[in-house]
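Student: Contents of structure-v7.pdb (PDB, C-alpha atoms, pLDDT in the B column) are below:
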ATOM      1  CA  MET A   1      15.478   6.542  -5.696  1.00 79.00           C
ATOM      2  CA  ASN A   2      18.289   8.283  -3.811  1.00 79.00           C
ATOM      3  CA  LEU A   3      15.848   9.718  -1.315  1.00 84.00           C
ATOM      4  CA  ALA A   4      14.169   6.346  -0.705  1.00 87.00           C
ATOM      5  CA  ALA A   5      17.558   4.661  -0.273  1.00 86.00           C
ATOM      6  CA  SER A   6      18.666   7.417   2.111  1.00 87.00           C
ATOM      7  CA  CYS A   7      15.505   7.040   4.184  1.00 89.00           C
ATOM      8  CA  ALA A   8      16.073   3.279   4.358  1.00 90.00           C
ATOM      9  CA  ILE A   9      19.637   3.831   5.563  1.00 89.00           C
ATOM     10  CA  ALA A  10      18.373   6.293   8.172  1.00 91.00           C
ATOM     11  CA  VAL A  11      15.949   3.660   9.479  1.00 92.00           C
ATOM     12  CA  MET A  12      18.759   1.082   9.630  1.00 90.00           C
ATOM     13  CA  LEU A  13      20.979   3.579  11.436  1.00 88.00           C
ATOM     14  CA  LEU A  14      18.373   4.586  14.011  1.00 90.00           C
ATOM     15  CA  SER A  15      16.452   1.349  14.531  1.00 88.00           C
ATOM     16  CA  GLN A  16      16.923  -0.701  17.688  1.00 88.00           C
ATOM     17  CA  THR A  17      14.833  -3.703  16.622  1.00 89.00           C
ATOM     18  CA  ALA A  18      15.241  -6.308  13.917  1.00 92.00           C
ATOM     19  CA  TRP A  19      12.049  -6.059  11.829  1.00 91.00           C
ATOM     20  CA  PRO A  20      12.351  -2.349  10.861  1.00 91.00           C
ATOM     21  CA  THR A  21      15.988  -2.957   9.954  1.00 91.00           C
ATOM     22  CA  ALA A  22      15.070  -5.963   7.810  1.00 93.00           C
ATOM     23  CA  LEU A  23      12.308  -4.013   6.047  1.00 93.00           C
ATOM     24  CA  ALA A  24      14.616  -1.028   5.495  1.00 92.00           C
ATOM     25  CA  SER A  25      17.298  -3.362   4.110  1.00 90.00           C
ATOM     26  CA  PHE A  26      14.784  -4.745   1.621  1.00 91.00           C
ATOM     27  CA  ILE A  27      13.696  -1.235   0.587  1.00 90.00           C
ATOM     28  CA  PHE A  28      17.329  -0.167   0.259  1.00 88.00           C
ATOM     29  CA  GLY A  29      18.041  -3.152  -1.986  1.00 86.00           C
ATOM     30  CA  LEU A  30      15.102  -2.318  -4.243  1.00 85.00           C
ATOM     31  CA  THR A  31      15.906   1.368  -4.549  1.00 84.00           C
ATOM     32  CA  ALA A  32      19.679   1.056  -4.843  1.00 76.00           C
ATOM     33  CA  ALA A  33      19.496  -1.611  -7.561  1.00 69.00           C
ATOM     34  CA  GLY A  34      16.558  -0.227  -9.502  1.00 61.00           C
ATOM     35  CA  GLY A  35      18.379   0.727 -12.704  1.00 68.00           C
ATOM     36  CA  ILE A  36      19.459   4.155 -11.519  1.00 71.00           C
ATOM     37  CA  MET A  37      22.891   3.769 -13.168  1.00 76.00           C
ATOM     38  CA  GLN A  38      21.277   3.273 -16.582  1.00 78.00           C
ATOM     39  CA  THR A  39      18.961   6.222 -16.004  1.00 77.00           C
ATOM     40  CA  GLY A  40      21.926   8.392 -15.048  1.00 78.00           C
ATOM     41  CA  LEU A  41      23.869   7.273 -18.109  1.00 84.00           C
ATOM     42  CA  ASN A  42      20.935   8.112 -20.399  1.00 84.00           C
ATOM     43  CA  ALA A  43      20.611  11.569 -18.858  1.00 80.00           C
ATOM     44  CA  PHE A  44      24.367  12.121 -19.227  1.00 81.00           C
ATOM     45  CA  MET A  45      24.315  11.022 -22.881  1.00 85.00           C
ATOM     46  CA  ASP A  46      21.402  13.380 -23.576  1.00 83.00           C
ATOM     47  CA  LEU A  47      23.657  16.269 -22.567  1.00 82.00           C
ATOM     48  CA  TYR A  48      26.345  15.222 -25.056  1.00 85.00           C
ATOM     49  CA  LEU A  49      24.468  13.872 -28.065  1.00 85.00           C
ATOM     50  CA  GLU A  50      27.453  14.178 -30.385  1.00 89.00           C
ATOM     51  CA  ARG A  51      29.851  12.436 -27.932  1.00 89.00           C
ATOM     52  CA  LYS A  52      27.833   9.494 -26.583  1.00 89.00           C
ATOM     53  CA  GLY A  53      30.800   7.109 -26.575  1.00 90.00           C
ATOM     54  CA  LEU A  54      32.916   9.550 -24.567  1.00 91.00           C
ATOM     55  CA  ALA A  55      30.045  10.186 -22.144  1.00 89.00           C
ATOM     56  CA  THR A  56      29.596   6.443 -21.614  1.00 91.00           C
ATOM     57  CA  GLY A  57      33.323   5.945 -21.062  1.00 92.00           C
ATOM     58  CA  VAL A  58      33.604   8.799 -18.562  1.00 91.00           C
ATOM     59  CA  PHE A  59      30.469   7.662 -16.724  1.00 89.00           C
ATOM     60  CA  TYR A  60      31.658   4.088 -16.291  1.00 90.00           C
ATOM     61  CA  PHE A  61      35.250   5.155 -15.537  1.00 94.00           C
ATOM     62  CA  PHE A  62      34.129   7.162 -12.528  1.00 91.00           C
ATOM     63  CA  GLY A  63      31.666   4.417 -11.598  1.00 88.00           C
ATOM     64  CA  ALA A  64      34.556   1.940 -11.525  1.00 92.00           C
ATOM     65  CA  ILE A  65      36.610   4.262  -9.340  1.00 94.00           C
ATOM     66  CA  ALA A  66      33.663   4.503  -6.939  1.00 88.00           C
ATOM     67  CA  SER A  67      33.199   0.722  -6.969  1.00 89.00           C
ATOM     68  CA  PHE A  68      36.823   0.349  -5.926  1.00 94.00           C
ATOM     69  CA  THR A  69      37.143   3.143  -3.362  1.00 93.00           C
ATOM     70  CA  VAL A  70      33.777   3.078  -1.569  1.00 87.00           C
ATOM     71  CA  PRO A  71      34.257  -0.413  -0.032  1.00 90.00           C
ATOM     72  CA  ILE A  72      37.722   0.630   1.152  1.00 93.00           C
ATOM     73  CA  ILE A  73      36.420   3.828   2.742  1.00 91.00           C
ATOM     74  CA  THR A  74      33.421   2.159   4.371  1.00 88.00           C
ATOM     75  CA  GLY A  75      35.678  -0.650   5.616  1.00 91.00           C
ATOM     76  CA  VAL A  76      37.933   1.863   7.351  1.00 92.00           C
ATOM     77  CA  LEU A  77      34.908   3.678   8.800  1.00 91.00           C
ATOM     78  CA  SER A  78      33.311   0.450  10.019  1.00 89.00           C
ATOM     79  CA  ASP A  79      36.529  -0.440  11.859  1.00 92.00           C
ATOM     80  CA  ALA A  80      35.977   2.716  13.903  1.00 91.00           C
ATOM     81  CA  SER A  81      32.197   2.306  14.211  1.00 89.00           C
ATOM     82  CA  ILE A  82      29.466   0.707  12.125  1.00 87.00           C
ATOM     83  CA  GLN A  83      27.288   3.724  12.893  1.00 88.00           C
ATOM     84  CA  LEU A  84      29.969   5.959  11.398  1.00 90.00           C
ATOM     85  CA  ALA A  85      29.912   3.893   8.198  1.00 87.00           C
ATOM     86  CA  PHE A  86      26.108   4.080   7.958  1.00 85.00           C
ATOM     87  CA  GLY A  87      26.150   7.780   8.855  1.00 88.00           C
ATOM     88  CA  SER A  88      28.603   8.561   6.072  1.00 88.00           C
ATOM     89  CA  ASP A  89      26.490   6.519   3.660  1.00 85.00           C
ATOM     90  CA  LEU A  90      23.427   8.512   4.721  1.00 87.00           C
ATOM     91  CA  PHE A  91      25.316  11.776   4.202  1.00 90.00           C
ATOM     92  CA  ILE A  92      26.416  10.751   0.692  1.00 86.00           C
ATOM     93  CA  GLY A  93      22.853   9.636  -0.149  1.00 83.00           C
ATOM     94  CA  LEU A  94      21.374  12.955   0.934  1.00 87.00           C
ATOM     95  CA  LEU A  95      24.105  14.845  -0.903  1.00 88.00           C
ATOM     96  CA  ALA A  96      23.368  12.827  -4.053  1.00 82.00           C
ATOM     97  CA  THR A  97      19.645  13.544  -3.692  1.00 83.00           C
ATOM     98  CA  GLY A  98      20.344  17.275  -3.453  1.00 87.00           C
ATOM     99  CA  LEU A  99      22.648  17.106  -6.452  1.00 83.00           C
ATOM    100  CA  ALA A 100      20.048  15.197  -8.485  1.00 80.00           C
ATOM    101  CA  LEU A 101      17.405  17.808  -7.632  1.00 85.00           C
ATOM    102  CA  ALA A 102      19.775  20.641  -8.594  1.00 86.00           C
ATOM    103  CA  ILE A 103      20.597  18.976 -11.921  1.00 79.00           C
ATOM    104  CA  ASN A 104      16.911  18.348 -12.613  1.00 79.00           C
ATOM    105  CA  TRP A 105      16.080  21.970 -11.859  1.00 84.00           C
ATOM    106  CA  SER A 106      18.949  23.331 -13.970  1.00 81.00           C
ATOM    107  CA  LEU A 107      18.113  21.190 -17.032  1.00 75.00           C
ATOM    108  CA  LYS A 108      14.450  22.144 -17.243  1.00 77.00           C
ATOM    109  CA  PRO A 109      13.644  24.057 -20.410  1.00 74.00           C
ATOM    110  CA  GLU A 110      12.941  27.724 -19.973  1.00 70.00           C
ATOM    111  CA  THR A 111       9.312  28.718 -20.282  1.00 67.00           C
ATOM    112  CA  THR A 112       7.886  32.117 -20.986  1.00 62.00           C
ATOM    113  CA  ASP A 113       4.640  33.517 -19.712  1.00 61.00           C
ATOM    114  CA  GLN A 114       3.692  34.855 -23.148  1.00 60.00           C
ATOM    115  CA  PRO A 115       0.725  33.377 -24.984  1.00 59.00           C
ATOM    116  CA  ALA A 116       1.532  31.121 -27.934  1.00 57.00           C
ATOM    117  CA  GLU A 117       0.668  33.756 -30.553  1.00 62.00           C
ATOM    118  CA  PHE A 118       3.415  36.117 -29.219  1.00 55.00           C
ATOM    119  CA  LYS A 119       6.239  33.578 -29.282  1.00 55.00           C
ATOM    120  CA  ALA A 120       8.757  34.045 -32.046  1.00 52.00           C
TER     121      ALA A 120
END
Translate the structure of the given file into structure tokens.
Tutor:
Amino acid sequence: MNLAASCAIAVMLLSQTAWPTALASFIFGLTAAGGIMQTGLNAFMDLYLERKGLATGVFYFFGAIASFTVPIITGVLSDASIQLAFGSDLFIGLLATGLALAINWSLKPETTDQPAEFKA
């Protein structure tokens, strides 16, 4: 979802005509509001099975901080240049995609190359 949203922002940033921008805006809306917060919360709670309430609180606390600060930051950036605001959004989207891939890779269970009869 992050990668699709980042690609949509890149199209909006680079496009010079209206129809690709409108299509990219639609794609961005679908991918950015597709339940990714709930998916992230479930993954976070799976890491801390015995502290689900704390995990939920921490998750939504930092989400609230982001909901407050991101519009302020993008407002300041858009005063300088709307392209700067979109460019920073693209950077954050790509950074989030890389972070999601790193987390996915690090949480995969270890596998061994031994046949089943040799596993302890």
Student: Since I can't run it myself right now, could you work out what the PyMOL selection byres ((chain A and resi 13) around 10) selects here and report it as a compact mmCIF listing (two decimals) with C-alpha atoms, keeping the file's coordinate frame?
Tutor:
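As a result, part-v2.txt now contains:
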# COMPACT_ATOMS: atom_id res chain seq x y z
CA CYS A 7 15.50 7.04 4.18
CA ALA A 8 16.07 3.28 4.36
CA ILE A 9 19.64 3.83 5.56
CA ALA A 10 18.37 6.29 8.17
CA VAL A 11 15.95 3.66 9.48
CA MET A 12 18.76 1.08 9.63
CA LEU A 14 18.37 4.59 14.01
CA SER A 15 16.45 1.35 14.53
CA GLN A 16 16.92 -0.70 17.69
CA THR A 21 15.99 -2.96 9.95
CA ALA A 24 14.62 -1.03 5.50
CA ILE A 82 29.47 0.71 12.12
CA GLN A 83 27.29 3.72 12.89
CA LEU A 84 29.97 5.96 11.40
CA ALA A 85 29.91 3.89 8.20
CA PHE A 86 26.11 4.08 7.96
CA GLY A 87 26.15 7.78 8.86
CA ASP A 89 26.49 6.52 3.66
CA LEU A 90 23.43 8.51 4.72
Student: Provide an axis-aligned box for all listed atoms of stretch 46-54 of chain A, padding each side by 3 Å; report its centre and its edge lengths in Å to one decimal, as AutoDock Vina command-line options.
Tutor:
--center_x 27.2 --center_y 11.7 --center_z -26.5 --size_x 17.5 --size_y 15.2 --size_z 13.8
Student: Take the PyMOL selection byres ((chain A and resi 3) around 9), apply it to the structure above, and return the hits as an NGL selection string.
Tutor: :A and (1-2 or 4-8 or 31 or 93-94 or 96-97)
Student: With C-alpha atoms kept, could you save the residues just selected as an mmCIF file, in the coordinates of the input?
Tutor:
data_model
loop_
_atom_site.group_PDB
_atom_site.id
_atom_site.type_symbol
_atom_site.label_atom_id
_atom_site.label_comp_id
_atom_site.auth_asym_id
_atom_site.auth_seq_id
_atom_site.Cartn_x
_atom_site.Cartn_y
_atom_site.Cartn_z
ATOM 1 C CA MET A 1 15.478 6.542 -5.696
ATOM 2 C CA ASN A 2 18.289 8.283 -3.811
ATOM 3 C CA ALA A 4 14.169 6.346 -0.705
ATOM 4 C CA ALA A 5 17.558 4.661 -0.273
ATOM 5 C CA SER A 6 18.666 7.417 2.111
ATOM 6 C CA CYS A 7 15.505 7.040 4.184
ATOM 7 C CA ALA A 8 16.073 3.279 4.358
ATOM 8 C CA THR A 31 15.906 1.368 -4.549
ATOM 9 C CA GLY A 93 22.853 9.636 -0.149
ATOM 10 C CA LEU A 94 21.374 12.955 0.934
ATOM 11 C CA ALA A 96 23.368 12.827 -4.053
ATOM 12 C CA THR A 97 19.645 13.544 -3.692
#
Student: Env of A:Gly63: 12 Å cut, atoms = only C-alpha atoms, seq-sep filter 4 positions within chain, self excluded. Answer as a ChimeraX atom specification.
Tutor: /A:37-38,40-41,56-59,67-70
Student: A:Ala55: which residues within 9 Å, counting all atoms listed in the file, same-chain residues fewer than 5 positions away excluded, as a PDB file with C-alpha atoms, in the frame of the given file?
Tutor:
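Final output, saved to out.pdb:
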ATOM      1  CA  LEU A  41      23.869   7.273 -18.109  1.00 84.00           C
ATOM      2  CA  PHE A  44      24.367  12.121 -19.227  1.00 81.00           C
ATOM      3  CA  MET A  45      24.315  11.022 -22.881  1.00 85.00           C
ATOM      4  CA  LEU A  47      23.657  16.269 -22.567  1.00 82.00           C
ATOM      5  CA  TYR A  48      26.345  15.222 -25.056  1.00 85.00           C
ATOM      6  CA  LEU A  49      24.468  13.872 -28.065  1.00 85.00           C
ATOM      7  CA  TYR A  60      31.658   4.088 -16.291  1.00 90.00           C
TER       8      TYR A  60
END
Student: Between atom CA of A:Phe62 and atom CA of A:Asp46, what is the distance, to one decimal in Å?
Tutor: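 Computing the Euclidean distance for atom CA of A:Phe62 and atom CA of A:Asp46 yields 18.0 Å.
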Student: Could you check how far atom CA of A:Phe26 sits from atom CA of A:Gly98, in Å to one decimal?
Tutor: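 Result for atom CA of A:Phe26 versus atom CA of A:Gly98: 23.3 Å, one decimal.
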